[in-house]
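Containing compact mmCIF, C-alpha atoms and all ligand atoms: start_35.txt.
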# COMPACT_ATOMS: atom_id res chain seq x y z
CA MET K 147 89.15 162.76 33.45
CA PHE K 148 92.30 163.73 35.35
CA CYS K 149 90.40 166.70 36.79
CA ALA K 150 88.21 164.16 38.59
CA ILE K 151 91.35 162.68 40.16
CA VAL K 152 92.53 166.15 41.21
CA ALA K 153 89.11 166.82 42.75
CA GLY K 154 89.01 163.45 44.52
CA ARG K 155 85.98 162.30 42.55
CA ALA K 156 87.83 159.47 40.81
CA PRO K 157 90.16 156.95 42.45
CA ALA K 158 93.90 157.05 41.89
CA SER K 159 97.05 156.00 43.70
CA ILE K 160 98.41 159.47 44.38
CA VAL K 161 102.11 159.58 45.18
CA TYR K 162 102.58 163.35 45.40
CA ARG K 163 100.42 166.43 45.50
CA ASP K 164 100.76 170.10 46.19
CA ARG K 165 98.77 173.16 45.16
CA THR K 166 99.93 173.07 41.54
CA THR K 167 101.04 169.52 40.81
CA LEU K 168 99.74 165.98 41.19
CA ALA K 169 101.54 162.68 40.61
CA PHE K 170 99.77 159.32 40.55
CA MET K 171 100.26 155.79 39.29
CA ASP K 172 99.26 155.11 35.69
CA VAL K 173 96.26 152.77 35.66
CA ASN K 174 97.74 150.83 32.74
CA PRO K 175 101.51 150.97 33.33
CA VAL K 176 103.88 150.21 30.49
CA ARG K 177 106.30 149.11 33.22
CA PRO K 178 105.79 148.65 36.97
CA GLY K 179 106.04 152.03 38.69
CA HIS K 180 104.80 154.09 35.72
CA VAL K 181 103.82 157.48 37.17
CA LEU K 182 101.95 160.42 35.63
CA VAL K 183 102.70 163.99 36.69
CA ILE K 184 100.08 166.63 35.86
CA PRO K 185 99.30 170.26 36.57
CA ALA K 186 96.41 170.45 39.03
CA ALA K 187 94.71 173.02 36.82
CA HIS K 188 93.17 171.70 33.64
CA ARG K 189 95.57 172.37 30.77
CA ALA K 190 95.12 170.18 27.72
CA GLN K 191 98.62 170.52 26.30
CA ILE K 192 101.98 171.98 27.14
CA TRP K 193 101.40 175.20 25.21
CA ASP K 194 98.37 175.90 27.41
CA LEU K 195 100.57 176.30 30.50
CA GLY K 196 101.65 179.71 31.68
CA GLU K 197 105.29 180.23 32.62
CA ALA K 198 104.66 180.14 36.36
CA GLU K 199 102.50 177.02 36.10
CA SER K 200 105.10 175.40 33.91
CA ALA K 201 107.87 176.18 36.38
CA ALA K 202 105.79 174.82 39.26
CA VAL K 203 105.29 171.46 37.56
CA TYR K 204 108.78 171.16 36.08
CA ARG K 205 110.54 171.87 39.33
CA ARG K 206 108.96 168.75 40.86
CA LEU K 207 110.16 166.42 38.12
CA PRO K 208 113.75 165.85 39.33
CA ALA K 209 112.72 164.82 42.85
CA LEU K 210 109.81 162.70 41.61
CA ALA K 211 111.99 160.92 39.06
CA SER K 212 114.69 160.38 41.65
CA ALA K 213 112.23 159.00 44.21
CA LEU K 214 110.68 156.73 41.59
CA LYS K 215 114.09 155.45 40.47
CA ALA K 216 114.96 154.58 44.06
CA ALA K 217 111.54 153.13 44.89
CA VAL K 218 111.68 150.48 42.17
CA ALA K 219 115.48 150.18 42.01
CA ALA K 220 115.44 151.20 38.35
CA ASP K 221 118.53 151.83 36.27
CA ALA K 222 116.91 154.77 34.52
CA VAL K 223 113.69 156.72 34.08
CA THR K 224 112.16 157.69 30.75
CA ILE K 225 110.21 160.98 30.86
CA PHE K 226 107.93 161.98 28.01
CA SER K 227 104.76 163.85 27.20
CA LEU K 228 102.50 163.41 24.17
CA ASN K 229 100.93 166.70 23.10
CA GLY K 230 98.12 166.50 20.55
CA ARG K 231 96.13 163.66 19.08
CA ALA K 232 98.58 163.20 16.22
CA ALA K 233 101.36 162.70 18.78
CA GLY K 234 99.36 159.89 20.35
CA GLN K 235 97.86 161.82 23.26
CA THR K 236 94.73 160.08 24.49
CA VAL K 237 93.97 161.98 27.70
CA PHE K 238 93.65 165.71 27.07
CA HIS K 239 94.93 166.92 30.42
CA LEU K 240 98.65 167.55 30.13
CA HIS K 241 100.72 164.82 31.73
CA PHE K 242 104.33 163.70 31.91
CA HIS K 243 104.98 159.98 31.87
CA LEU K 244 107.72 158.81 34.24
CA VAL K 245 108.58 155.26 33.28
CA PRO K 246 111.24 153.39 35.25
CA VAL K 247 113.51 151.23 33.14
P1 LIG C 301 98.65 159.53 26.71
O1 LIG C 301 98.53 158.55 25.59
O2 LIG C 301 97.52 160.54 26.69
O3 LIG C 301 100.00 160.16 26.82
O4 LIG C 301 98.53 158.65 28.01
C1 LIG C 301 97.43 158.58 28.86
C2 LIG C 301 97.84 157.71 30.01
O5 LIG C 301 96.88 157.86 31.01
C3 LIG C 301 97.92 156.22 29.66
O6 LIG C 301 99.20 155.72 30.05
C4 LIG C 301 96.79 155.61 30.47
O7 LIG C 301 97.09 154.32 30.94
C5 LIG C 301 96.60 156.60 31.60
N1 LIG C 301 95.24 156.71 32.11
C6 LIG C 301 94.12 156.87 31.36
N2 LIG C 301 93.04 156.97 32.16
C7 LIG C 301 93.50 156.90 33.43
C8 LIG C 301 92.84 156.98 34.70
O8 LIG C 301 91.63 157.13 34.83
N3 LIG C 301 93.63 156.86 35.80
C9 LIG C 301 94.98 156.68 35.71
N4 LIG C 301 95.65 156.57 36.86
N5 LIG C 301 95.64 156.64 34.52
C10 LIG C 301 94.90 156.75 33.40
Written form, C-alpha cells:
Amino acid sequence: MFCAIVAGRAPASIVYRDRTTLAFMDVNPVRPGHVLVIPAAHRAQIWDLGEAESAAVYRRLPALASALKAAVAADAVTIFSLNGRAAGQTVFHLHFHLVPV
C-alpha cells in the first residue's frame, strides 16, 4: 500500500522525499500533524532493512521531527514503530510514526 504512495499511484500529503526515504501525513492521525516516515524500498519490518538503508532513513528523523515540532508548535514528538502483527502493525511496509504532542 505504501509502495503505491512511493510510486505516485496513490494519493498522499508528502512532506519530504529523497531517493531512500519518504515522509507523508498519516491518513488517520492520532493527533494533528501525525507523520509517517518510510524507506522508499519495500521493507516489511525493521529487520528487513540493510545497514545502509537503515542509516539513510534514520539520519532523516532528527530534522523531520524538529520540523514537525516547529510546524505545529508541539511541546514534544513521540516516535515509534510497530514491527509485526503481534506488535499491532497493520501496514506491512516499515514506517516510523512521528506524533506531535
Ligand atoms: P501501524 O499500525 O501499521 O503502525 O500503522 C499504520 C498507519 O498507517 C496508521 O496510523 C494508519 O492511519 C496509516 N495508514 C494506513 N493506510 C494509509 C494510507 O493509505 N495513507 C496514509 N497516509 N496513511 C495510512
Subject >> Long-range neighbours of region 166-175 of chain K as a PyMOL selection string, 10 Å cut-off, only C-alpha atoms, 3 positions minimum in chain >> reply: chain K and resi 148+151-152+158-163+178-187+198-207+210+241-245
Original post:
In Å, with one decimal, what is the gap from CA of Cys149 (chain K) to CA of Lys215 (chain K)?
Top reply: 26.5 Å
So for ligand LIG 301 (chain C), what box centre and size do we get, axis-aligned, 6 Å extra on each of the six sides, every listed atom, Å to one decimal, as lines of an AutoDock Vina configuration file?
center_x = 95.8
center_y = 157.4
center_z = 31.2
size_x = 20.4
size_y = 18.2
size_z = 23.3
**OP:** Considering all atoms listed in the file, state which residue in the set K:Val176, K:Ala232, K:Ala219, K:Ala153 is at the smallest distance from ligand LIG 301 (chain C).
**Re:** K:Val176
**OP:** Select, from K:Val247, K:Leu214, K:Ala190, K:Leu195, the residue with the minimum atom-to-atom distance to Asn229 (chain K), counting all atoms listed in the file.
**Re:** K:Ala190
Subject >> Spatial neighbours of Met147 (chain K), 10 Å, only C-alpha atoms, chain gap at least 4 places, as a ChimeraX atom specification >> reply: /K:151-152,155-156,188,237-239
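CA of Gln235 (chain K) lies 4.2 Å from atom P1 of ligand LIG 301 (chain C).
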Subject >> d(CA of Arg231 (chain K), CA of Pro208 (chain K)) in Å >> reply: 26.9 Å
**OP:** Just the residues within 12 Å of Ala233 (chain K), please, counting all atoms listed in the file, with nothing from its chain fewer than 6 positions along; format it as a ChimeraX atom specification.
**Re:** /K:191,226-227
